[in-house]
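Shown below: model-v3.pdb, with PDB, C-alpha atoms, pLDDT in the B column.
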```
ATOM      1  CA  MET A  42      35.183  60.387 -37.925  1.00 45.00           C
ATOM      2  CA  ILE A  43      32.129  58.101 -37.843  1.00 45.00           C
ATOM      3  CA  LEU A  44      34.383  55.024 -37.733  1.00 39.00           C
ATOM      4  CA  ARG A  45      36.350  56.536 -34.846  1.00 38.00           C
ATOM      5  CA  ARG A  46      33.151  57.217 -32.887  1.00 38.00           C
ATOM      6  CA  ALA A  47      31.984  53.657 -33.459  1.00 35.00           C
ATOM      7  CA  TRP A  48      35.322  52.371 -32.152  1.00 35.00           C
ATOM      8  CA  VAL A  49      35.110  54.605 -29.061  1.00 30.00           C
ATOM      9  CA  VAL A  50      31.531  53.463 -28.366  1.00 31.00           C
ATOM     10  CA  ALA A  51      32.573  49.817 -28.755  1.00 32.00           C
ATOM     11  CA  ALA A  52      35.569  50.326 -26.450  1.00 30.00           C
ATOM     12  CA  MET A  53      33.346  51.981 -23.813  1.00 29.00           C
ATOM     13  CA  ALA A  54      30.873  49.090 -24.005  1.00 30.00           C
ATOM     14  CA  VAL A  55      33.703  46.635 -23.329  1.00 29.00           C
ATOM     15  CA  LEU A  56      34.919  48.693 -20.361  1.00 25.00           C
ATOM     16  CA  VAL A  57      31.437  48.984 -18.874  1.00 26.00           C
ATOM     17  CA  ALA A  58      30.807  45.262 -19.357  1.00 29.00           C
ATOM     18  CA  GLY A  59      34.161  44.484 -17.753  1.00 28.00           C
ATOM     19  CA  CYS A  60      33.244  46.552 -14.702  1.00 25.00           C
ATOM     20  CA  ALA A  61      29.750  45.135 -14.365  1.00 26.00           C
ATOM     21  CA  PRO A  62      29.351  42.605 -11.562  1.00 51.00           C
ATOM     22  CA  ASP A  63      29.363  39.197 -13.242  1.00 69.00           C
ATOM     23  CA  SER A  64      27.265  36.938 -11.125  1.00 74.00           C
ATOM     24  CA  PRO A  65      27.352  33.311 -12.209  1.00 85.00           C
ATOM     25  CA  ILE A  66      24.223  32.643 -10.138  1.00 90.00           C
ATOM     26  CA  ASP A  67      21.412  31.639 -12.494  1.00 90.00           C
ATOM     27  CA  ALA A  68      18.143  32.772 -10.916  1.00 90.00           C
ATOM     28  CA  GLU A  69      15.948  31.238 -13.623  1.00 91.00           C
ATOM     29  CA  ARG A  70      17.495  27.776 -13.256  1.00 92.00           C
ATOM     30  CA  GLY A  71      17.265  28.146  -9.486  1.00 93.00           C
ATOM     31  CA  ASP A  72      13.545  28.885  -9.719  1.00 94.00           C
ATOM     32  CA  ARG A  73      12.926  25.821 -11.907  1.00 94.00           C
ATOM     33  CA  LEU A  74      14.984  23.541  -9.669  1.00 95.00           C
ATOM     34  CA  TYR A  75      13.251  24.867  -6.564  1.00 94.00           C
ATOM     35  CA  ALA A  76       9.817  24.231  -8.098  1.00 94.00           C
ATOM     36  CA  ASP A  77      10.780  20.631  -8.922  1.00 93.00           C
ATOM     37  CA  LEU A  78      12.250  20.024  -5.454  1.00 93.00           C
ATOM     38  CA  ARG A  79       9.246  21.611  -3.770  1.00 91.00           C
ATOM     39  CA  GLN A  80       6.939  19.329  -5.766  1.00 90.00           C
ATOM     40  CA  LEU A  81       8.889  16.273  -4.570  1.00 88.00           C
ATOM     41  CA  LEU A  82       8.771  17.481  -0.969  1.00 88.00           C
ATOM     42  CA  ASP A  83       5.038  18.127  -1.203  1.00 87.00           C
ATOM     43  CA  ARG A  84       4.478  14.577  -2.495  1.00 85.00           C
ATOM     44  CA  GLY A  85       6.775  13.194   0.196  1.00 83.00           C
ATOM     45  CA  LEU A  86      10.240  11.912  -0.635  1.00 79.00           C
ATOM     46  CA  ASP A  87       9.446   8.666   1.170  1.00 79.00           C
ATOM     47  CA  ASP A  88       6.589   8.076  -1.264  1.00 80.00           C
ATOM     48  CA  VAL A  89       8.503   8.527  -4.542  1.00 77.00           C
ATOM     49  CA  PRO A  90      11.145   6.305  -6.138  1.00 82.00           C
ATOM     50  CA  PRO A  91      14.768   7.318  -5.451  1.00 85.00           C
ATOM     51  CA  THR A  92      15.441  10.458  -7.467  1.00 92.00           C
ATOM     52  CA  ARG A  93      18.797  11.699  -8.682  1.00 95.00           C
ATOM     53  CA  LEU A  94      19.302  15.423  -8.448  1.00 96.00           C
ATOM     54  CA  SER A  95      20.753  15.258 -11.971  1.00 97.00           C
ATOM     55  CA  ASP A  96      17.312  14.139 -13.225  1.00 95.00           C
ATOM     56  CA  LEU A  97      15.956  17.545 -12.173  1.00 94.00           C
ATOM     57  CA  THR A  98      18.608  19.644 -13.899  1.00 95.00           C
ATOM     58  CA  ASP A  99      18.670  20.716 -17.537  1.00 93.00           C
ATOM     59  CA  PHE A 100      22.459  20.979 -17.823  1.00 94.00           C
ATOM     60  CA  ALA A 101      25.429  18.621 -17.604  1.00 96.00           C
ATOM     61  CA  TRP A 102      27.475  18.491 -14.402  1.00 97.00           C
ATOM     62  CA  ASP A 103      29.611  16.003 -12.528  1.00 97.00           C
ATOM     63  CA  ARG A 104      30.270  17.659  -9.147  1.00 97.00           C
ATOM     64  CA  LEU A 105      28.035  19.559  -6.745  1.00 97.00           C
ATOM     65  CA  TYR A 106      29.143  21.766  -3.852  1.00 96.00           C
ATOM     66  CA  VAL A 107      26.459  22.840  -1.363  1.00 95.00           C
ATOM     67  CA  TYR A 108      26.729  25.782   1.048  1.00 94.00           C
ATOM     68  CA  ARG A 109      24.526  27.097   3.814  1.00 91.00           C
ATOM     69  CA  GLU A 110      23.741  30.565   5.088  1.00 89.00           C
ATOM     70  CA  THR A 111      26.844  32.550   6.122  1.00 88.00           C
ATOM     71  CA  ALA A 112      29.231  30.620   3.840  1.00 92.00           C
ATOM     72  CA  GLY A 113      32.041  32.954   2.793  1.00 93.00           C
ATOM     73  CA  GLY A 114      33.026  33.846  -0.742  1.00 94.00           C
ATOM     74  CA  ARG A 115      36.704  33.058  -0.181  1.00 95.00           C
ATOM     75  CA  ALA A 116      35.946  29.539   1.116  1.00 95.00           C
ATOM     76  CA  ILE A 117      33.587  28.897  -1.789  1.00 95.00           C
ATOM     77  CA  ARG A 118      36.239  30.014  -4.298  1.00 94.00           C
ATOM     78  CA  GLU A 119      38.910  27.871  -2.619  1.00 95.00           C
ATOM     79  CA  ASP A 120      36.609  24.813  -2.635  1.00 95.00           C
ATOM     80  CA  THR A 121      35.241  25.148  -6.156  1.00 95.00           C
ATOM     81  CA  GLY A 122      37.939  27.090  -7.975  1.00 94.00           C
ATOM     82  CA  HIS A 123      35.304  29.627  -9.072  1.00 95.00           C
ATOM     83  CA  ARG A 124      34.409  33.103  -7.859  1.00 94.00           C
ATOM     84  CA  ILE A 125      30.717  32.913  -7.037  1.00 94.00           C
ATOM     85  CA  LEU A 126      30.671  35.636  -4.374  1.00 92.00           C
ATOM     86  CA  ASP A 127      33.276  38.284  -3.636  1.00 92.00           C
ATOM     87  CA  ASP A 128      35.885  36.943  -1.192  1.00 91.00           C
ATOM     88  CA  GLU A 129      34.594  39.080   1.688  1.00 92.00           C
ATOM     89  CA  GLU A 130      30.916  38.497   0.881  1.00 92.00           C
ATOM     90  CA  HIS A 131      28.774  35.899   2.680  1.00 89.00           C
ATOM     91  CA  LEU A 132      25.683  34.002   1.625  1.00 89.00           C
ATOM     92  CA  TYR A 133      22.793  35.829   3.269  1.00 85.00           C
ATOM     93  CA  SER A 134      20.347  32.983   3.560  1.00 86.00           C
ATOM     94  CA  GLY A 135      19.353  29.691   2.048  1.00 91.00           C
ATOM     95  CA  ASN A 136      21.557  27.265   0.158  1.00 93.00           C
ATOM     96  CA  LEU A 137      24.029  27.917  -2.618  1.00 95.00           C
ATOM     97  CA  LEU A 138      24.517  25.027  -5.044  1.00 96.00           C
ATOM     98  CA  VAL A 139      27.602  25.192  -7.248  1.00 96.00           C
ATOM     99  CA  PHE A 140      27.601  22.704 -10.121  1.00 97.00           C
ATOM    100  CA  THR A 141      30.834  21.996 -11.982  1.00 97.00           C
ATOM    101  CA  ARG A 142      31.741  19.909 -14.995  1.00 97.00           C
ATOM    102  CA  GLY A 143      35.390  18.988 -14.797  1.00 96.00           C
ATOM    103  CA  ALA A 144      37.201  22.210 -13.957  1.00 95.00           C
ATOM    104  CA  GLU A 145      34.472  24.359 -15.552  1.00 96.00           C
ATOM    105  CA  LEU A 146      31.572  26.029 -13.776  1.00 96.00           C
ATOM    106  CA  ALA A 147      28.294  24.557 -15.060  1.00 96.00           C
ATOM    107  CA  THR A 148      26.084  26.912 -13.044  1.00 95.00           C
ATOM    108  CA  ALA A 149      25.330  28.135  -9.544  1.00 96.00           C
ATOM    109  CA  VAL A 150      21.884  28.566  -8.009  1.00 95.00           C
ATOM    110  CA  THR A 151      20.508  29.769  -4.718  1.00 93.00           C
ATOM    111  CA  LEU A 152      17.536  28.121  -3.078  1.00 93.00           C
ATOM    112  CA  PRO A 153      15.693  28.567   0.189  1.00 92.00           C
ATOM    113  CA  GLU A 154      17.413  26.524   2.883  1.00 89.00           C
ATOM    114  CA  MET A 155      16.246  23.000   2.189  1.00 90.00           C
ATOM    115  CA  PHE A 156      19.347  20.789   2.261  1.00 89.00           C
ATOM    116  CA  ALA A 157      20.663  19.095   5.392  1.00 85.00           C
ATOM    117  CA  VAL A 158      24.379  19.565   4.657  1.00 86.00           C
ATOM    118  CA  ASP A 159      27.599  21.022   6.004  1.00 84.00           C
ATOM    119  CA  ASP A 160      29.247  23.894   4.149  1.00 83.00           C
ATOM    120  CA  GLY A 161      31.213  22.703   1.171  1.00 86.00           C
ATOM    121  CA  ASP A 162      29.850  19.169   1.118  1.00 92.00           C
ATOM    122  CA  ARG A 163      30.651  17.648  -2.266  1.00 95.00           C
ATOM    123  CA  PHE A 164      28.555  15.230  -4.250  1.00 96.00           C
ATOM    124  CA  SER A 165      28.712  13.443  -7.602  1.00 97.00           C
ATOM    125  CA  ASN A 166      26.037  13.678 -10.273  1.00 97.00           C
ATOM    126  CA  ARG A 167      24.762  10.320  -8.976  1.00 97.00           C
ATOM    127  CA  VAL A 168      23.608  11.883  -5.678  1.00 96.00           C
ATOM    128  CA  LEU A 169      20.110  10.912  -4.561  1.00 94.00           C
ATOM    129  CA  LEU A 170      17.486  13.020  -2.807  1.00 93.00           C
ATOM    130  CA  ALA A 171      16.313  11.544   0.498  1.00 90.00           C
ATOM    131  CA  ALA A 172      13.815  12.498   3.181  1.00 86.00           C
ATOM    132  CA  THR A 173      14.926  13.711   6.600  1.00 84.00           C
ATOM    133  CA  ASP A 174      13.171  13.776   9.964  1.00 82.00           C
ATOM    134  CA  ASN A 175      12.721  17.495   9.425  1.00 81.00           C
ATOM    135  CA  PRO A 176       9.821  18.231   7.041  1.00 78.00           C
ATOM    136  CA  GLY A 177      10.844  20.540   4.241  1.00 80.00           C
ATOM    137  CA  ARG A 178      14.480  19.402   4.320  1.00 86.00           C
ATOM    138  CA  ILE A 179      16.293  17.151   1.885  1.00 90.00           C
ATOM    139  CA  GLU A 180      19.293  14.960   2.524  1.00 90.00           C
ATOM    140  CA  LEU A 181      21.727  14.314  -0.305  1.00 93.00           C
ATOM    141  CA  VAL A 182      22.970  10.734  -0.334  1.00 93.00           C
ATOM    142  CA  GLU A 183      25.719   9.255  -2.493  1.00 93.00           C
ATOM    143  CA  PRO A 184      24.723   5.786  -3.710  1.00 91.00           C
ATOM    144  CA  LYS A 185      27.012   2.977  -2.605  1.00 86.00           C
ATOM    145  CA  GLY A 186      29.137   1.197  -5.144  1.00 71.00           C
TER
END
```
Before anything else, please render the file you have as structure tokens.
Amino acid sequence: MILRRAWVVAAMAVLVAGCAPDSPIDAERGDRLYADLRQLLDRGLDDVPPTRLSDLTDFAWDRLYVYRETAGGRAIREDTGHRILDDEEHLYSGNLLVFTRGAELATAVTLPEMFAVDDGDRFSNRVLLAATDNPGRIELVEPKG
């Protein structure tokens, strides 16, 4: 009887976990990345050596997709191959950064709107951070060659 109860409890835990919303958005990594980006902006991107975004991340990735406010979950899934938001859901504000490694999702983070991009712009892990004419905004630039 005790073994049966343990099995039932384990089965219920699996069902509850399966129904829980699995958000791949990593708030802690987003906070750290935002702090590092904010520090660069405060120092002035024009006054620091060219910086790769990959130098500010603590995980391996080879492709970055960037989205702006109002980007739709279906479009994000179709671009990246990963369900970050529900298909009918939209990004409320800020930027969503989806990092992939090959076909796998490395992580996704949300940040205040700080990137001058179009929805779904794709970048390699060699992408550089550059200043824009708009203070507080960052341009992502692929190096030539």
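Using the PyMOL selection byres ((chain A and resi 155) around 7) on this structure selects Pro153, Glu154, Phe156, Ala157, Gly177, Arg178 and Ile179 of chain A.
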Open item on the list: Ranking A:Leu126, A:Val107, A:Leu181, A:Leu146 by minimum distance to Asp159 of chain A and counting all atoms listed in the file, which one comes first?
Closed with: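 Nearest candidate to Asp159 of chain A out of A:Leu126, A:Val107, A:Leu181, A:Leu146: A:Val107.
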Task: Point-to-point distance from atom CA of Arg163 of chain A to atom CA of Ile66 of chain A, Å rounded to tenths - done: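 Here the two named atoms are 18.1 Å from each other.
Between atom CA of Thr141 of chain A and atom CA of Leu81 of chain A the interatomic distance comes to 23.9 Å.
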TODO: May I have the protein, DNA and RNA residues with an atom at most 12 Å from (34.8, 21.4, -16.2), counting only C-alpha atoms in the file's coordinates, returned as an MDAnalysis selection string?
DONE: chainID A and resid 101:105 121:123 140:148
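Matched in the shown structure by the PyMOL selection byres ((chain A and resi 113-120) around 7): Thr111, Ala112, Thr121, Gly122, His123, Arg124, Ile125, Leu126, Asp127, Asp128, Glu129, Glu130, His131, Leu132 and Gly161 of chain A.
The interatomic distance for the pair atom CA of Pro176 of chain A and atom CA of Asp96 of chain A works out to 22.0 Å.
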TODO: Fewer than 5 positions away in the same chain doesn't count, so skip those; otherwise give me all residues within 12 Å of Pro184 of chain A, counting only C-alpha atoms, as a ChimeraX atom specification.
DONE: /A:91-93,164-171
Quick one: 6 Å padding each side, axis-aligned, all listed atoms of segment 155-167 of chain A - centre and edge lengths in Å to one decimal, as lines of an AutoDock Vina configuration file?
```
center_x = 23.7
center_y = 17.1
center_z = -2.1
size_x = 27.0
size_y = 25.6
size_z = 28.3
```
- [ ] Could you state which residues are captured by the PyMOL selection byres ((chain A and resi 135) around 7) in this file, as a list in words?
- [x]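 This file gives the following for the PyMOL selection byres ((chain A and resi 135) around 7): Arg109, Glu110, Ser134, Asn136, Leu137, Thr151, Leu152, Pro153 and Glu154 of chain A.
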Residues just named, written with C-alpha atoms as a short mmCIF file (atom, residue, chain, number, x, y, z; two decimals), keeping the file's coordinate frame:
```cif
data_model
loop_
_atom_site.label_atom_id
_atom_site.label_comp_id
_atom_site.auth_asym_id
_atom_site.auth_seq_id
_atom_site.Cartn_x
_atom_site.Cartn_y
_atom_site.Cartn_z
CA ARG A 109 24.53 27.10 3.81
CA GLU A 110 23.74 30.56 5.09
CA SER A 134 20.35 32.98 3.56
CA ASN A 136 21.56 27.26 0.16
CA LEU A 137 24.03 27.92 -2.62
CA THR A 151 20.51 29.77 -4.72
CA LEU A 152 17.54 28.12 -3.08
CA PRO A 153 15.69 28.57 0.19
CA GLU A 154 17.41 26.52 2.88
#
```
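Residues surrounding Leu78 of chain A within 9 Å are Arg73, Asp83, Leu94, Leu97 and Ile179 of chain A [all atoms listed in the file; sequence separation below 5 positions excluded].
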Task: Residues within 9 Å of (9.4, 8.3, 1.5), counting all atoms listed in the file, listed as a PyMOL selection string - done: chain A and resi 84-91+171-172
Mind completing segment 128-155 of chain A with N, CA and C atoms? Output as a PDB file, in the coordinates of the input, please?
```pdb
ATOM      1  N   ASP A 128      35.208  37.633  -2.287  1.00 91.00           N
ATOM      2  CA  ASP A 128      35.885  36.943  -1.192  1.00 91.00           C
ATOM      3  C   ASP A 128      35.361  37.346   0.186  1.00 91.00           C
ATOM      4  N   GLU A 129      35.041  38.608   0.371  1.00 92.00           N
ATOM      5  CA  GLU A 129      34.594  39.080   1.688  1.00 92.00           C
ATOM      6  C   GLU A 129      33.080  38.997   1.866  1.00 92.00           C
ATOM      7  N   GLU A 130      32.375  38.598   0.832  1.00 92.00           N
ATOM      8  CA  GLU A 130      30.916  38.497   0.881  1.00 92.00           C
ATOM      9  C   GLU A 130      30.502  37.159   1.489  1.00 92.00           C
ATOM     10  N   HIS A 131      29.317  37.127   2.100  1.00 89.00           N
ATOM     11  CA  HIS A 131      28.774  35.899   2.680  1.00 89.00           C
ATOM     12  C   HIS A 131      27.383  35.643   2.115  1.00 89.00           C
ATOM     13  N   LEU A 132      27.026  34.378   2.051  1.00 89.00           N
ATOM     14  CA  LEU A 132      25.683  34.002   1.625  1.00 89.00           C
ATOM     15  C   LEU A 132      24.724  34.480   2.703  1.00 89.00           C
ATOM     16  N   TYR A 133      23.708  35.244   2.294  1.00 85.00           N
ATOM     17  CA  TYR A 133      22.793  35.829   3.269  1.00 85.00           C
ATOM     18  C   TYR A 133      21.848  34.813   3.871  1.00 85.00           C
ATOM     19  N   SER A 134      21.285  33.978   3.047  1.00 86.00           N
ATOM     20  CA  SER A 134      20.347  32.983   3.560  1.00 86.00           C
ATOM     21  C   SER A 134      20.188  31.882   2.524  1.00 86.00           C
ATOM     22  N   GLY A 135      19.636  30.783   2.963  1.00 91.00           N
ATOM     23  CA  GLY A 135      19.353  29.691   2.048  1.00 91.00           C
ATOM     24  C   GLY A 135      20.557  28.828   1.747  1.00 91.00           C
ATOM     25  N   ASN A 136      20.479  28.140   0.626  1.00 93.00           N
ATOM     26  CA  ASN A 136      21.557  27.265   0.158  1.00 93.00           C
ATOM     27  C   ASN A 136      22.088  27.785  -1.166  1.00 93.00           C
ATOM     28  N   LEU A 137      23.376  27.646  -1.341  1.00 95.00           N
ATOM     29  CA  LEU A 137      24.029  27.917  -2.618  1.00 95.00           C
ATOM     30  C   LEU A 137      24.488  26.576  -3.161  1.00 95.00           C
ATOM     31  N   LEU A 138      24.087  26.255  -4.379  1.00 96.00           N
ATOM     32  CA  LEU A 138      24.517  25.027  -5.044  1.00 96.00           C
ATOM     33  C   LEU A 138      25.424  25.423  -6.200  1.00 96.00           C
ATOM     34  N   VAL A 139      26.636  24.909  -6.185  1.00 96.00           N
ATOM     35  CA  VAL A 139      27.602  25.192  -7.248  1.00 96.00           C
ATOM     36  C   VAL A 139      27.826  23.883  -8.000  1.00 96.00           C
ATOM     37  N   PHE A 140      27.459  23.877  -9.272  1.00 97.00           N
ATOM     38  CA  PHE A 140      27.601  22.704 -10.121  1.00 97.00           C
ATOM     39  C   PHE A 140      28.804  22.905 -11.039  1.00 97.00           C
ATOM     40  N   THR A 141      29.688  21.912 -11.086  1.00 97.00           N
ATOM     41  CA  THR A 141      30.834  21.996 -11.982  1.00 97.00           C
ATOM     42  C   THR A 141      30.840  20.802 -12.926  1.00 97.00           C
ATOM     43  N   ARG A 142      31.521  20.984 -14.028  1.00 97.00           N
ATOM     44  CA  ARG A 142      31.741  19.909 -14.995  1.00 97.00           C
ATOM     45  C   ARG A 142      33.226  19.926 -15.293  1.00 97.00           C
ATOM     46  N   GLY A 143      33.935  18.936 -14.738  1.00 96.00           N
ATOM     47  CA  GLY A 143      35.390  18.988 -14.797  1.00 96.00           C
ATOM     48  C   GLY A 143      35.839  20.215 -14.026  1.00 96.00           C
ATOM     49  N   ALA A 144      36.721  20.996 -14.611  1.00 95.00           N
ATOM     50  CA  ALA A 144      37.201  22.210 -13.957  1.00 95.00           C
ATOM     51  C   ALA A 144      36.320  23.422 -14.265  1.00 95.00           C
ATOM     52  N   GLU A 145      35.319  23.246 -15.123  1.00 96.00           N
ATOM     53  CA  GLU A 145      34.472  24.359 -15.552  1.00 96.00           C
ATOM     54  C   GLU A 145      33.253  24.512 -14.642  1.00 96.00           C
ATOM     55  N   LEU A 146      32.805  25.746 -14.499  1.00 96.00           N
ATOM     56  CA  LEU A 146      31.572  26.029 -13.776  1.00 96.00           C
ATOM     57  C   LEU A 146      30.396  25.731 -14.696  1.00 96.00           C
ATOM     58  N   ALA A 147      29.505  24.840 -14.282  1.00 96.00           N
ATOM     59  CA  ALA A 147      28.294  24.557 -15.060  1.00 96.00           C
ATOM     60  C   ALA A 147      27.256  25.637 -14.755  1.00 96.00           C
ATOM     61  N   THR A 148      26.968  25.836 -13.485  1.00 95.00           N
ATOM     62  CA  THR A 148      26.084  26.912 -13.044  1.00 95.00           C
ATOM     63  C   THR A 148      26.097  26.963 -11.521  1.00 95.00           C
ATOM     64  N   ALA A 149      25.528  28.006 -10.990  1.00 96.00           N
ATOM     65  CA  ALA A 149      25.330  28.135  -9.544  1.00 96.00           C
ATOM     66  C   ALA A 149      23.915  28.653  -9.332  1.00 96.00           C
ATOM     67  N   VAL A 150      23.243  28.126  -8.315  1.00 95.00           N
ATOM     68  CA  VAL A 150      21.884  28.566  -8.009  1.00 95.00           C
ATOM     69  C   VAL A 150      21.747  28.740  -6.503  1.00 95.00           C
ATOM     70  N   THR A 151      20.859  29.626  -6.129  1.00 93.00           N
ATOM     71  CA  THR A 151      20.508  29.769  -4.718  1.00 93.00           C
ATOM     72  C   THR A 151      19.074  29.287  -4.534  1.00 93.00           C
ATOM     73  N   LEU A 152      18.857  28.650  -3.413  1.00 93.00           N
ATOM     74  CA  LEU A 152      17.536  28.121  -3.078  1.00 93.00           C
ATOM     75  C   LEU A 152      17.248  28.458  -1.622  1.00 93.00           C
ATOM     76  N   PRO A 153      15.980  28.468  -1.235  1.00 92.00           N
ATOM     77  CA  PRO A 153      15.693  28.567   0.189  1.00 92.00           C
ATOM     78  C   PRO A 153      16.392  27.409   0.903  1.00 92.00           C
ATOM     79  N   GLU A 154      16.691  27.581   2.166  1.00 89.00           N
ATOM     80  CA  GLU A 154      17.413  26.524   2.883  1.00 89.00           C
ATOM     81  C   GLU A 154      16.555  25.272   2.933  1.00 89.00           C
ATOM     82  N   MET A 155      17.018  24.240   2.237  1.00 90.00           N
ATOM     83  CA  MET A 155      16.246  23.000   2.189  1.00 90.00           C
ATOM     84  C   MET A 155      17.131  21.769   2.256  1.00 90.00           C
TER      85      MET A 155
END
```
